[in-house]
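Pasted below: start-v4.pdb, PDB, C-alpha atoms.
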```pdb
MODEL        1
ATOM      1  CA  LEU M   1      11.182  -0.974   2.627
ATOM      2  CA  GLY M   2      13.395  -4.017   3.054
ATOM      3  CA  LEU M   3      10.292  -6.179   3.417
ATOM      4  CA  THR M   4       8.914  -4.754   0.187
ATOM      5  CA  LEU M   5      12.137  -5.486  -1.670
ATOM      6  CA  PHE M   6      12.129  -9.040  -0.332
ATOM      7  CA  LEU M   7       8.568  -9.753  -1.377
ATOM      8  CA  PHE M   8       8.854  -8.297  -4.844
ATOM      9  CA  ALA M   9      12.288  -9.707  -5.627
ATOM     10  CA  PHE M  10      12.005 -13.282  -4.412
ATOM     11  CA  LEU M  11       8.388 -14.394  -4.190
ATOM     12  CA  PRO M  12       6.398 -15.941  -7.071
ATOM     13  CA  ILE M  13       4.209 -12.949  -7.873
ATOM     14  CA  GLN M  14       3.651 -13.462 -11.587
ATOM     15  CA  THR M  15      -0.062 -12.770 -11.183
ATOM     16  CA  PHE M  16       0.702  -9.262  -9.893
ATOM     17  CA  ALA M  17       2.689  -8.601 -13.066
ATOM     18  CA  HIS M  18       0.115 -10.108 -15.455
ATOM     19  CA  LYS M  19       2.533 -12.676 -16.832
ATOM     20  CA  PRO M  20       0.947 -13.738 -20.159
ATOM     21  CA  GLU M  21       2.028 -17.378 -20.126
ATOM     22  CA  VAL M  22       0.071 -18.164 -16.948
ATOM     23  CA  ARG M  23      -3.226 -16.785 -18.228
ATOM     24  CA  ALA M  24      -6.120 -19.134 -18.803
ATOM     25  CA  ASN M  25      -7.379 -19.958 -22.267
ATOM     26  CA  GLY M  26     -10.943 -19.032 -23.070
ATOM     27  CA  ASP M  27     -13.515 -17.516 -20.783
ATOM     28  CA  GLU M  28     -15.299 -20.615 -19.462
ATOM     29  CA  ASN M  29     -14.541 -22.246 -16.096
ATOM     30  CA  LEU M  30     -11.752 -19.763 -15.477
ATOM     31  CA  PHE M  31     -10.708 -21.037 -12.057
ATOM     32  CA  GLN M  32     -10.892 -24.680 -13.132
ATOM     33  CA  GLN M  33      -8.020 -23.984 -15.514
ATOM     34  CA  TYR M  34      -5.701 -23.345 -12.557
ATOM     35  CA  THR M  35      -4.369 -25.839 -10.032
ATOM     36  CA  TRP M  36      -4.983 -25.247  -6.348
ATOM     37  CA  LEU M  37      -1.261 -24.469  -5.989
ATOM     38  CA  GLU M  38      -1.579 -21.636  -8.533
ATOM     39  CA  ILE M  39      -4.689 -20.268  -6.845
ATOM     40  CA  LEU M  40      -3.702 -20.520  -3.178
ATOM     41  CA  ASN M  41       0.023 -19.830  -3.710
ATOM     42  CA  PRO M  42       1.233 -21.688  -0.579
ATOM     43  CA  ILE M  43       4.829 -20.577  -1.178
ATOM     44  CA  LEU M  44       3.716 -16.971  -0.741
ATOM     45  CA  PHE M  45       1.749 -17.896   2.391
ATOM     46  CA  LEU M  46       4.702 -19.725   3.957
ATOM     47  CA  SER M  47       7.069 -16.887   3.046
ATOM     48  CA  LEU M  48       4.803 -14.340   4.717
ATOM     49  CA  ALA M  49       4.501 -16.614   7.759
ATOM     50  CA  LEU M  50       8.305 -16.710   8.025
ATOM     51  CA  VAL M  51       8.438 -12.931   7.752
ATOM     52  CA  TYR M  52       5.927 -12.616  10.606
ATOM     53  CA  ILE M  53       7.836 -15.085  12.793
ATOM     54  CA  ALA M  54      11.033 -13.088  12.231
ATOM     55  CA  TYR M  55       9.121  -9.900  13.036
ATOM     56  CA  LEU M  56       7.775 -11.342  16.321
ATOM     57  CA  ARG M  57      11.260 -12.448  17.369
ATOM     58  CA  THR M  58      12.583  -8.955  16.694
ATOM     59  CA  MET M  59       9.742  -7.302  18.617
ATOM     60  CA  ARG M  60      10.331  -9.644  21.557
ATOM     61  CA  LYS M  61      13.982  -8.636  21.721
ATOM     62  CA  ILE M  62      13.384  -4.893  21.661
ATOM     63  CA  SER M  63      10.262  -4.737  23.826
ATOM     64  CA  SER M  64      10.751  -3.805  27.470
ATOM     65  CA  ASN M  65       7.316  -5.199  28.319
ATOM     66  CA  ARG M  66       6.029  -8.099  26.241
ATOM     67  CA  LEU M  67       2.438  -7.486  27.283
ATOM     68  CA  GLU M  68       2.605  -3.808  26.439
ATOM     69  CA  GLU M  69      -0.617  -2.856  24.670
ATOM     70  CA  ARG M  70       1.214  -0.639  22.173
ATOM     71  CA  ASP M  71       3.332  -3.601  20.991
ATOM     72  CA  LEU M  72       0.222  -5.784  20.655
ATOM     73  CA  LYS M  73      -1.383  -3.195  18.393
ATOM     74  CA  LYS M  74       1.771  -3.047  16.304
ATOM     75  CA  LYS M  75       1.804  -6.818  15.921
ATOM     76  CA  ILE M  76      -1.833  -6.849  14.833
ATOM     77  CA  CYS M  77      -1.259  -4.086  12.283
ATOM     78  CA  PHE M  78       1.787  -5.840  10.845
ATOM     79  CA  LEU M  79      -0.133  -9.121  10.595
ATOM     80  CA  LEU M  80      -3.022  -7.394   8.816
ATOM     81  CA  GLY M  81      -0.523  -5.867   6.394
ATOM     82  CA  LEU M  82       0.874  -9.304   5.555
ATOM     83  CA  LEU M  83      -2.652 -10.715   5.150
ATOM     84  CA  THR M  84      -3.406  -7.874   2.742
ATOM     85  CA  ILE M  85      -0.399  -8.913   0.668
ATOM     86  CA  TYR M  86      -1.610 -12.511   0.583
ATOM     87  CA  ILE M  87      -5.184 -11.589  -0.342
ATOM     88  CA  SER M  88      -3.838  -9.371  -3.119
ATOM     89  CA  LEU M  89      -1.340 -11.808  -4.612
ATOM     90  CA  ALA M  90      -3.164 -15.100  -4.183
ATOM     91  CA  GLY M  91      -6.684 -16.398  -4.713
ATOM     92  CA  PRO M  92      -9.478 -14.948  -6.862
ATOM     93  CA  ILE M  93      -8.182 -11.362  -6.975
ATOM     94  CA  ALA M  94      -4.802 -12.463  -8.337
ATOM     95  CA  ILE M  95      -6.295 -14.884 -10.885
ATOM     96  CA  LEU M  96      -8.816 -12.346 -12.210
ATOM     97  CA  SER M  97      -6.210  -9.596 -12.307
ATOM     98  CA  ASN M  98      -3.801 -11.808 -14.196
ATOM     99  CA  ASN M  99      -6.539 -12.497 -16.732
ATOM    100  CA  LEU M 100      -6.922  -8.756 -17.434
ATOM    101  CA  VAL M 101     -10.112  -8.118 -15.433
ATOM    102  CA  LEU M 102      -9.425  -4.434 -14.767
ATOM    103  CA  SER M 103     -11.668  -4.118 -11.700
ATOM    104  CA  ALA M 104      -9.709  -6.941 -10.008
ATOM    105  CA  HIS M 105      -6.448  -5.287 -11.057
ATOM    106  CA  MET M 106      -7.536  -1.992  -9.492
ATOM    107  CA  LEU M 107      -8.569  -3.739  -6.272
ATOM    108  CA  GLN M 108      -5.224  -5.512  -6.155
ATOM    109  CA  GLN M 109      -3.306  -2.285  -6.773
ATOM    110  CA  SER M 110      -5.368  -0.395  -4.201
ATOM    111  CA  PHE M 111      -4.672  -3.026  -1.560
ATOM    112  CA  MET M 112      -0.937  -3.062  -2.317
ATOM    113  CA  TYR M 113      -0.435   0.706  -2.484
ATOM    114  CA  ILE M 114      -3.171   2.181  -0.290
ATOM    115  CA  VAL M 115      -4.036  -0.409   2.366
ATOM    116  CA  MET M 116      -0.930  -2.525   2.967
ATOM    117  CA  PRO M 117       1.817   0.140   3.452
ATOM    118  CA  PRO M 118       0.152   2.009   6.350
ATOM    119  CA  LEU M 119      -0.558  -1.274   8.151
ATOM    120  CA  ILE M 120       3.064  -2.387   7.795
ATOM    121  CA  LEU M 121       4.363   1.024   8.910
ATOM    122  CA  LEU M 122       2.055   1.115  11.940
ATOM    123  CA  GLY M 123       3.512  -2.223  12.942
ATOM    124  CA  MET M 124       7.143  -1.131  12.738
ATOM    125  CA  PRO M 125       9.056  -0.415  15.981
ATOM    126  CA  ARG M 126      10.615   2.952  16.672
ATOM    127  CA  GLY M 127      14.068   1.536  15.970
ATOM    128  CA  PHE M 128      13.097   1.012  12.333
ATOM    129  CA  TYR M 129      12.470   4.728  11.863
ATOM    130  CA  GLN M 130      15.671   5.623  13.685
ATOM    131  CA  LEU M 131      17.654   3.319  11.397
ATOM    132  CA  LEU M 132      15.935   4.742   8.336
ATOM    133  CA  ASN M 133      16.470   8.324   9.418
ATOM    134  CA  GLU M 134      19.992   8.118  10.807
ATOM    135  CA  LYS M 135      21.621   5.470   8.613
ATOM    136  CA  LEU M 136      19.845   4.648   5.351
ATOM    137  CA  LEU M 137      18.798   8.201   4.473
ATOM    138  CA  LYS M 138      21.732   9.999   6.067
ATOM    139  CA  PRO M 139      23.523  10.869   2.770
ATOM    140  CA  ARG M 140      22.586  14.399   1.725
ATOM    141  CA  PHE M 141      21.508  13.393  -1.775
ATOM    142  CA  LEU M 142      18.886  11.045  -0.266
ATOM    143  CA  GLY M 143      17.398  13.838   1.815
ATOM    144  CA  ILE M 144      14.852  14.538  -0.912
ATOM    145  CA  LEU M 145      13.183  11.218  -0.055
ATOM    146  CA  LYS M 146      12.152  12.808   3.256
ATOM    147  CA  SER M 147      10.494  15.796   1.582
ATOM    148  CA  PRO M 148       6.668  15.639   1.882
ATOM    149  CA  LEU M 149       6.217  17.502  -1.403
ATOM    150  CA  PHE M 150       8.518  15.101  -3.247
ATOM    151  CA  THR M 151       6.923  11.934  -1.840
ATOM    152  CA  LEU M 152       3.444  13.363  -2.461
ATOM    153  CA  LEU M 153       4.180  14.004  -6.136
ATOM    154  CA  LEU M 154       6.305  10.904  -6.679
ATOM    155  CA  PHE M 155       3.646   8.391  -5.684
ATOM    156  CA  ASN M 156       0.685  10.098  -7.327
ATOM    157  CA  VAL M 157       2.506  10.869 -10.583
ATOM    158  CA  LEU M 158       3.843   7.320 -10.880
ATOM    159  CA  TRP M 159       0.500   5.646 -10.128
ATOM    160  CA  SER M 160      -1.464   8.031 -12.348
ATOM    161  CA  PHE M 161       0.897   7.810 -15.329
ATOM    162  CA  TYR M 162       1.025   4.034 -15.038
ATOM    163  CA  HIS M 163      -2.719   3.952 -15.739
ATOM    164  CA  LEU M 164      -2.526   6.093 -18.850
ATOM    165  CA  PRO M 165      -3.748   3.685 -21.584
ATOM    166  CA  SER M 166      -0.620   3.779 -23.752
ATOM    167  CA  ILE M 167       1.739   3.274 -20.794
ATOM    168  CA  TYR M 168      -0.448   0.596 -19.192
ATOM    169  CA  GLU M 169      -0.702  -1.399 -22.423
ATOM    170  CA  TYR M 170       3.032  -1.161 -23.067
ATOM    171  CA  PHE M 171       4.124  -2.383 -19.632
ATOM    172  CA  LEU M 172       1.479  -5.107 -19.654
ATOM    173  CA  GLU M 173       3.569  -7.257 -21.985
ATOM    174  CA  GLN M 174       6.981  -6.271 -20.558
ATOM    175  CA  PHE M 175       7.335  -8.676 -17.656
ATOM    176  CA  ILE M 176      10.679  -7.514 -16.249
ATOM    177  CA  LEU M 177       9.919  -3.817 -16.710
ATOM    178  CA  LEU M 178       6.523  -4.271 -15.084
ATOM    179  CA  GLU M 179       8.091  -6.006 -12.089
ATOM    180  CA  ILE M 180      10.481  -3.073 -11.715
ATOM    181  CA  LEU M 181       7.652  -0.572 -12.103
ATOM    182  CA  HIS M 182       5.576  -2.263  -9.396
ATOM    183  CA  LEU M 183       8.584  -2.250  -7.090
ATOM    184  CA  VAL M 184       9.195   1.462  -7.699
ATOM    185  CA  ILE M 185       5.537   2.427  -7.194
ATOM    186  CA  ASN M 186       5.268   0.297  -4.068
ATOM    187  CA  THR M 187       8.403   1.881  -2.612
ATOM    188  CA  SER M 188       7.016   5.336  -3.428
ATOM    189  CA  ALA M 189       3.804   4.344  -1.619
ATOM    190  CA  PHE M 190       5.801   3.529   1.523
ATOM    191  CA  LEU M 191       7.623   6.860   1.258
ATOM    192  CA  MET M 192       4.296   8.657   0.893
ATOM    193  CA  TRP M 193       2.707   6.934   3.892
ATOM    194  CA  ILE M 194       5.744   7.148   6.173
ATOM    195  CA  GLN M 195       5.236  10.919   6.379
ATOM    196  CA  LEU M 196       2.138  10.195   8.484
ATOM    197  CA  PHE M 197       3.222   7.315  10.674
ATOM    198  CA  ALA M 198       6.856   7.987  11.530
ATOM    199  CA  PRO M 199       7.397   9.255  15.093
ATOM    200  CA  GLU M 200       7.221  13.046  15.345
ATOM    201  CA  ASP M 201      10.988  13.409  15.869
ATOM    202  CA  GLN M 202      11.892  10.958  13.097
ATOM    203  CA  PHE M 203      11.751  11.336   9.314
ATOM    204  CA  SER M 204       8.886  13.835   9.056
ATOM    205  CA  GLU M 205       8.727  17.284  10.612
ATOM    206  CA  MET M 206       5.166  18.076   9.525
ATOM    207  CA  SER M 207       2.705  19.326  12.107
ATOM    208  CA  TYR M 208      -0.567  17.457  12.602
ATOM    209  CA  LEU M 209      -2.432  20.095  10.622
ATOM    210  CA  LYS M 210       0.019  19.773   7.725
ATOM    211  CA  LYS M 211      -0.358  15.991   7.805
ATOM    212  CA  ILE M 212      -4.114  16.345   7.396
ATOM    213  CA  GLY M 213      -3.606  18.732   4.492
ATOM    214  CA  TYR M 214      -1.043  16.322   3.046
ATOM    215  CA  MET M 215      -3.635  13.540   2.871
ATOM    216  CA  PHE M 216      -6.248  15.827   1.344
ATOM    217  CA  ALA M 217      -3.697  16.730  -1.345
ATOM    218  CA  ASN M 218      -3.079  13.039  -2.002
ATOM    219  CA  GLY M 219      -6.784  12.528  -2.594
ATOM    220  CA  MET M 220      -6.972  15.434  -5.012
ATOM    221  CA  LEU M 221      -3.948  14.356  -7.056
ATOM    222  CA  ILE M 222      -5.246  10.839  -7.720
ATOM    223  CA  THR M 223      -8.730  12.041  -8.696
ATOM    224  CA  PRO M 224      -7.962  12.881 -12.381
ATOM    225  CA  ALA M 225      -6.757   9.330 -13.058
ATOM    226  CA  CYS M 226      -9.876   7.885 -11.423
ATOM    227  CA  ALA M 227     -12.116  10.272 -13.370
ATOM    228  CA  LEU M 228     -10.460   9.311 -16.667
ATOM    229  CA  ILE M 229     -11.262   5.663 -16.051
ATOM    230  CA  ILE M 230     -14.752   6.118 -14.563
ATOM    231  CA  PHE M 231     -16.257   8.668 -16.934
ATOM    232  CA  SER M 232     -14.795   7.550 -20.239
ATOM    233  CA  GLY M 233     -17.582   6.551 -22.617
ATOM    234  CA  ASP M 234     -15.314   4.122 -24.456
ATOM    235  CA  VAL M 235     -13.007   1.292 -23.490
ATOM    236  CA  ILE M 236      -9.609   2.968 -23.202
ATOM    237  CA  TYR M 237      -7.686  -0.221 -22.388
ATOM    238  CA  PRO M 238      -7.733  -2.571 -25.410
ATOM    239  CA  SER M 239      -6.349  -5.416 -23.292
ATOM    240  CA  ILE M 240      -9.532  -5.749 -21.223
ATOM    241  CA  GLU M 241     -11.395  -6.737 -24.381
ATOM    242  CA  GLU M 242      -9.417  -9.996 -24.055
ATOM    243  CA  ALA M 243     -10.475 -10.543 -20.439
ATOM    244  CA  PRO M 244     -12.904 -13.351 -19.577
ATOM    245  CA  GLN M 245     -16.409 -12.066 -18.838
ATOM    246  CA  VAL M 246     -16.859 -13.751 -15.467
ATOM    247  CA  ILE M 247     -20.151 -11.944 -14.897
ATOM    248  CA  ALA M 248     -22.542 -11.600 -17.841
ATOM    249  CA  SER M 249     -23.418  -7.988 -17.029
ATOM    250  CA  LEU M 250     -19.778  -6.957 -16.513
ATOM    251  CA  THR M 251     -18.948  -5.803 -20.026
ATOM    252  CA  PRO M 252     -15.452  -4.434 -20.767
ATOM    253  CA  LEU M 253     -16.714  -0.850 -20.405
ATOM    254  CA  ARG M 254     -18.456  -1.591 -17.111
ATOM    255  CA  ASP M 255     -15.393  -3.482 -15.899
ATOM    256  CA  GLN M 256     -13.288  -0.412 -16.692
ATOM    257  CA  GLN M 257     -15.683   1.938 -14.904
ATOM    258  CA  LEU M 258     -15.934  -0.387 -11.895
ATOM    259  CA  GLY M 259     -12.139  -0.447 -11.726
ATOM    260  CA  GLY M 260     -11.999   3.335 -11.479
ATOM    261  CA  ILE M 261     -14.721   3.357  -8.824
ATOM    262  CA  ILE M 262     -12.889   0.733  -6.747
ATOM    263  CA  MET M 263      -9.668   2.707  -7.033
ATOM    264  CA  LYS M 264     -11.374   5.882  -5.778
ATOM    265  CA  VAL M 265     -13.496   4.267  -3.054
ATOM    266  CA  VAL M 266     -10.576   2.360  -1.490
ATOM    267  CA  GLN M 267      -8.457   5.500  -1.655
ATOM    268  CA  GLU M 268     -11.149   7.666  -0.017
ATOM    269  CA  PHE M 269     -11.753   5.134   2.767
ATOM    270  CA  SER M 270      -8.048   4.639   3.485
ATOM    271  CA  TYR M 271      -7.180   8.338   3.347
ATOM    272  CA  GLY M 272     -10.220   9.225   5.462
ATOM    273  CA  THR M 273      -9.166   6.676   8.073
ATOM    274  CA  ALA M 274      -5.627   8.096   8.040
ATOM    275  CA  ILE M 275      -6.928  11.649   8.527
ATOM    276  CA  ALA M 276      -9.072  10.475  11.454
ATOM    277  CA  TYR M 277      -6.040   8.711  12.948
ATOM    278  CA  VAL M 278      -3.945  11.899  12.760
ATOM    279  CA  PHE M 279      -6.762  14.095  14.067
ATOM    280  CA  PHE M 280      -7.509  11.964  17.137
ATOM    281  CA  LYS M 281      -3.798  11.590  17.884
ATOM    282  CA  TRP M 282      -3.535  15.381  17.715
ATOM    283  CA  ALA M 283      -6.590  15.770  19.960
ATOM    284  CA  ARG M 284      -5.134  13.374  22.575
ATOM    285  CA  LEU M 285      -1.887  15.328  22.599
ATOM    286  CA  GLU M 286      -3.703  18.625  23.110
ATOM    287  CA  ARG M 287      -5.789  17.170  25.931
ATOM    288  CA  ALA M 288      -2.618  15.896  27.601
ATOM    289  CA  LYS M 289      -1.065  19.367  27.321
ATOM    290  CA  ASP M 290      -4.178  20.980  28.820
ATOM    291  CA  ALA M 291      -4.105  18.474  31.682
ATOM    292  CA  GLU M 292      -0.469  19.327  32.406
ATOM    293  CA  VAL M 293      -1.288  23.055  32.435
ATOM    294  CA  ASP M 294      -4.226  22.520  34.787
ATOM    295  CA  GLU M 295      -2.084  20.371  37.093
ATOM    296  CA  TYR M 296       0.658  22.995  37.135
ATOM    297  CA  GLN M 297      -1.813  25.776  37.923
ATOM    298  CA  SER M 298      -3.342  23.763  40.746
ATOM    299  CA  VAL M 299       0.105  23.220  42.257
ATOM    300  CA  VAL M 300       0.951  26.926  42.007
ATOM    301  CA  GLU M 301      -2.310  27.925  43.628
TER     302      GLU M 301
ENDMDL
END
```
Starting from the file, lay out its structure as structure tokens.
Amino acid sequence: LGLTLFLFAFLPIQTFAHKPEVRANGDENLFQQYTWLEILNPILFLSLALVYIAYLRTMRKISSNRLEERDLKKKICFLLGLLTIYISLAGPIAILSNNLVLSAHMLQQSFMYIVMPPLILLGMPRGFYQLLNEKLLKPRFLGILKSPLFTLLLFNVLWSFYHLPSIYEYFLEQFILLEILHLVINTSAFLMWIQLFAPEDQFSEMSYLKKIGYMFANGMLITPACALIIFSGDVIYPSIEEAPQVIASLTPLRDQQLGGIIMKVVQEFSYGTAIAYVFFKWARLERAKDAEVDEYQSVVE
């Protein structure tokens, strides 16, 4: 959560917020209207590199065995999470999204809310969850943030309502409010995902079966918003009429429908992967319990 606050508060992420003054003029040679600094966003890249260096130093201090396979997996997951941030906020996806191409916007949002948070959380050490559980969320009034039902509804309601046409169009031109909204939704995404990836004795008390049901419920709650975008016969977002037509066949209506499809496909893939992760972790635990029972019985006999 602290990493999220840092990235959204201090890094140059105007493309994520669709800042109007950095949009290109006209629809020809879109990328030629930006400098390489605006496209590659080296400040973002260097900032993420510094975050990863700080992360590695922290992991080195708390790890009892530097070659421990579990720590290596965490480091890889955290690195992939940071790369997801960079791919989302720099390069073609960011430029197209900032120029109101809805399909690019949906891909960017899906990466930032559905792909990046679980990777970052999988990379966090156990001490992070202990700090979160015992210190940051210790006040009773913050206990609701640990409720699976609350985090389930919070994320899906916020993301769905944000994509209602009237709300989307309003926030599109409100730079500061949109920055705040992205920060709130991204934080809610972390709270939603942490229910799955926190250690069993930290933060979440859901059983493995409940975690699987929790992810199925997430998929169901986001479906109406996707369906609204995919199956609408008309352009429901007036702003995308202003977007450059980078591909001749990608009309505003098709761009809108493609955006909804991307949103749903990325969500299904990510949630399906999360369900498989929980299921196989559950299966390994049950096999370990069976092995302990068999070993005990053999000793008794």
**Request:** Expand the PyMOL selection byres ((chain M and resi 190) around 8) into the individual residues it matches in the shown file, reporting them as a VMD selection string.
**Result:** chain M and resid 1 113 117 to 118 121 186 to 189 191 to 194
Could the residues in this selection be written to a file with C-alpha atoms, as a compact mmCIF listing (two decimals), keeping the file's coordinate frame?
```txt
# COMPACT_ATOMS: atom_id res chain seq x y z
CA LEU M 1 11.18 -0.97 2.63
CA TYR M 113 -0.44 0.71 -2.48
CA PRO M 117 1.82 0.14 3.45
CA PRO M 118 0.15 2.01 6.35
CA LEU M 121 4.36 1.02 8.91
CA ASN M 186 5.27 0.30 -4.07
CA THR M 187 8.40 1.88 -2.61
CA SER M 188 7.02 5.34 -3.43
CA ALA M 189 3.80 4.34 -1.62
CA LEU M 191 7.62 6.86 1.26
CA MET M 192 4.30 8.66 0.89
CA TRP M 193 2.71 6.93 3.89
CA ILE M 194 5.74 7.15 6.17
```
How close does range 74-138 of chain M get to range 144-162 of chain M? List, as a Markdown table, each residue of range 74-138 of chain M within 10 Å, its nearest atom pair and the distance in Å to one decimal, counting only C-alpha atoms.
```
| residue | atom | partner | partner_atom | distance |
| --- | --- | --- | --- | --- |
| M:Gln109 | CA | M:Trp159 | CA | 9.4 |
| M:Tyr113 | CA | M:Trp159 | CA | 9.1 |
| M:Asn133 | CA | M:Lys146 | CA | 8.8 |
| M:Leu137 | CA | M:Leu145 | CA | 7.8 |
```
Export, as a PDB file, keeping the file's coordinate frame, the selected residues with C-alpha atoms.
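Output file selection_14.pdb follows:
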```pdb
ATOM      1  CA  GLN M 109      -3.306  -2.285  -6.773  1.00  0.00           C
ATOM      2  CA  TYR M 113      -0.435   0.706  -2.484  1.00  0.00           C
ATOM      3  CA  ASN M 133      16.470   8.324   9.418  1.00  0.00           C
ATOM      4  CA  LEU M 137      18.798   8.201   4.473  1.00  0.00           C
TER       5      LEU M 137
END
```
**Message:** Take the PyMOL selection byres ((chain M and resi 226) around 8), run it mentally on this structure, and tell me the resulting residues as a PyMOL selection string.
**Reply:** chain M and resi 222-225+227-230+260-261+263-264
**Request:** Using CA of Tyr271 in chain M and CA of Leu80 in chain M as the two end points, give the distance in Å to one decimal.
**Result:**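 About the pair CA of Tyr271 in chain M and CA of Leu80 in chain M: they are 17.2 Å apart.
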**Request:** Convert the output of the PyMOL selection byres ((chain M and resi 103) around 9) on the shown file into explicit residues, formatted as a ChimeraX atom specification.
**Result:** /M:96-97,100-102,104-108,255-263
**Message:** One decimal, in Å: what's the spacing between CA of Ala198 in chain M and CA of Gln130 in chain M?
**Reply:** 9.4 Å
**Prompt:** What gap, in Å, lies between CA of Gly81 in chain M and CA of Val278 in chain M?
**Reply:** 19.2 Å
So that all listed atoms of range 31-35 of chain M fit with 5 Å spare on each side, what axis-aligned box centre and edge lengths in Å, to one decimal, would you give as lines of an AutoDock Vina configuration file?
```
center_x = -7.6
center_y = -23.4
center_z = -12.8
size_x = 16.5
size_y = 14.8
size_z = 15.5
```
With a cut-off of 10 Å, could you pull out the residues of range 73-179 of chain M touching range 39-45 of chain M and give me the nearest pair of atoms for each, distance in Å to one decimal, using all atoms listed in the file, ordered by chain and ascending number, as CSV?
```
residue,atom,partner,partner_atom,distance
M:Leu82,CA,M:Phe45,CA,9.2
M:Leu83,CA,M:Phe45,CA,8.9
M:Ile85,CA,M:Leu44,CA,9.2
M:Tyr86,CA,M:Phe45,CA,6.6
M:Ile87,CA,M:Leu40,CA,9.5
M:Leu89,CA,M:Asn41,CA,8.2
M:Ala90,CA,M:Leu40,CA,5.5
M:Gly91,CA,M:Ile39,CA,4.8
M:Pro92,CA,M:Ile39,CA,7.2
M:Ile93,CA,M:Ile39,CA,9.6
M:Ala94,CA,M:Ile39,CA,7.9
M:Ile95,CA,M:Ile39,CA,6.9
```
**Request:** Return the single residue from M:Tyr55, M:Tyr34, M:Tyr168, M:Tyr277 that is closest to Phe197 in chain M, with distances computed using only C-alpha atoms.
**Result:**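 Of M:Tyr55, M:Tyr34, M:Tyr168, M:Tyr277, the one nearest Phe197 in chain M, counting only C-alpha atoms, is M:Tyr277.
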**Prompt:** Of the candidates M:Glu241, M:Ala49, M:Ser204, M:Arg60, which shows the shortest atom-to-atom distance to Gly143 in chain M, using all atoms listed in the file?
**Reply:**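 Using all atoms listed in the file, the shortest distance to Gly143 in chain M belongs to M:Ser204.
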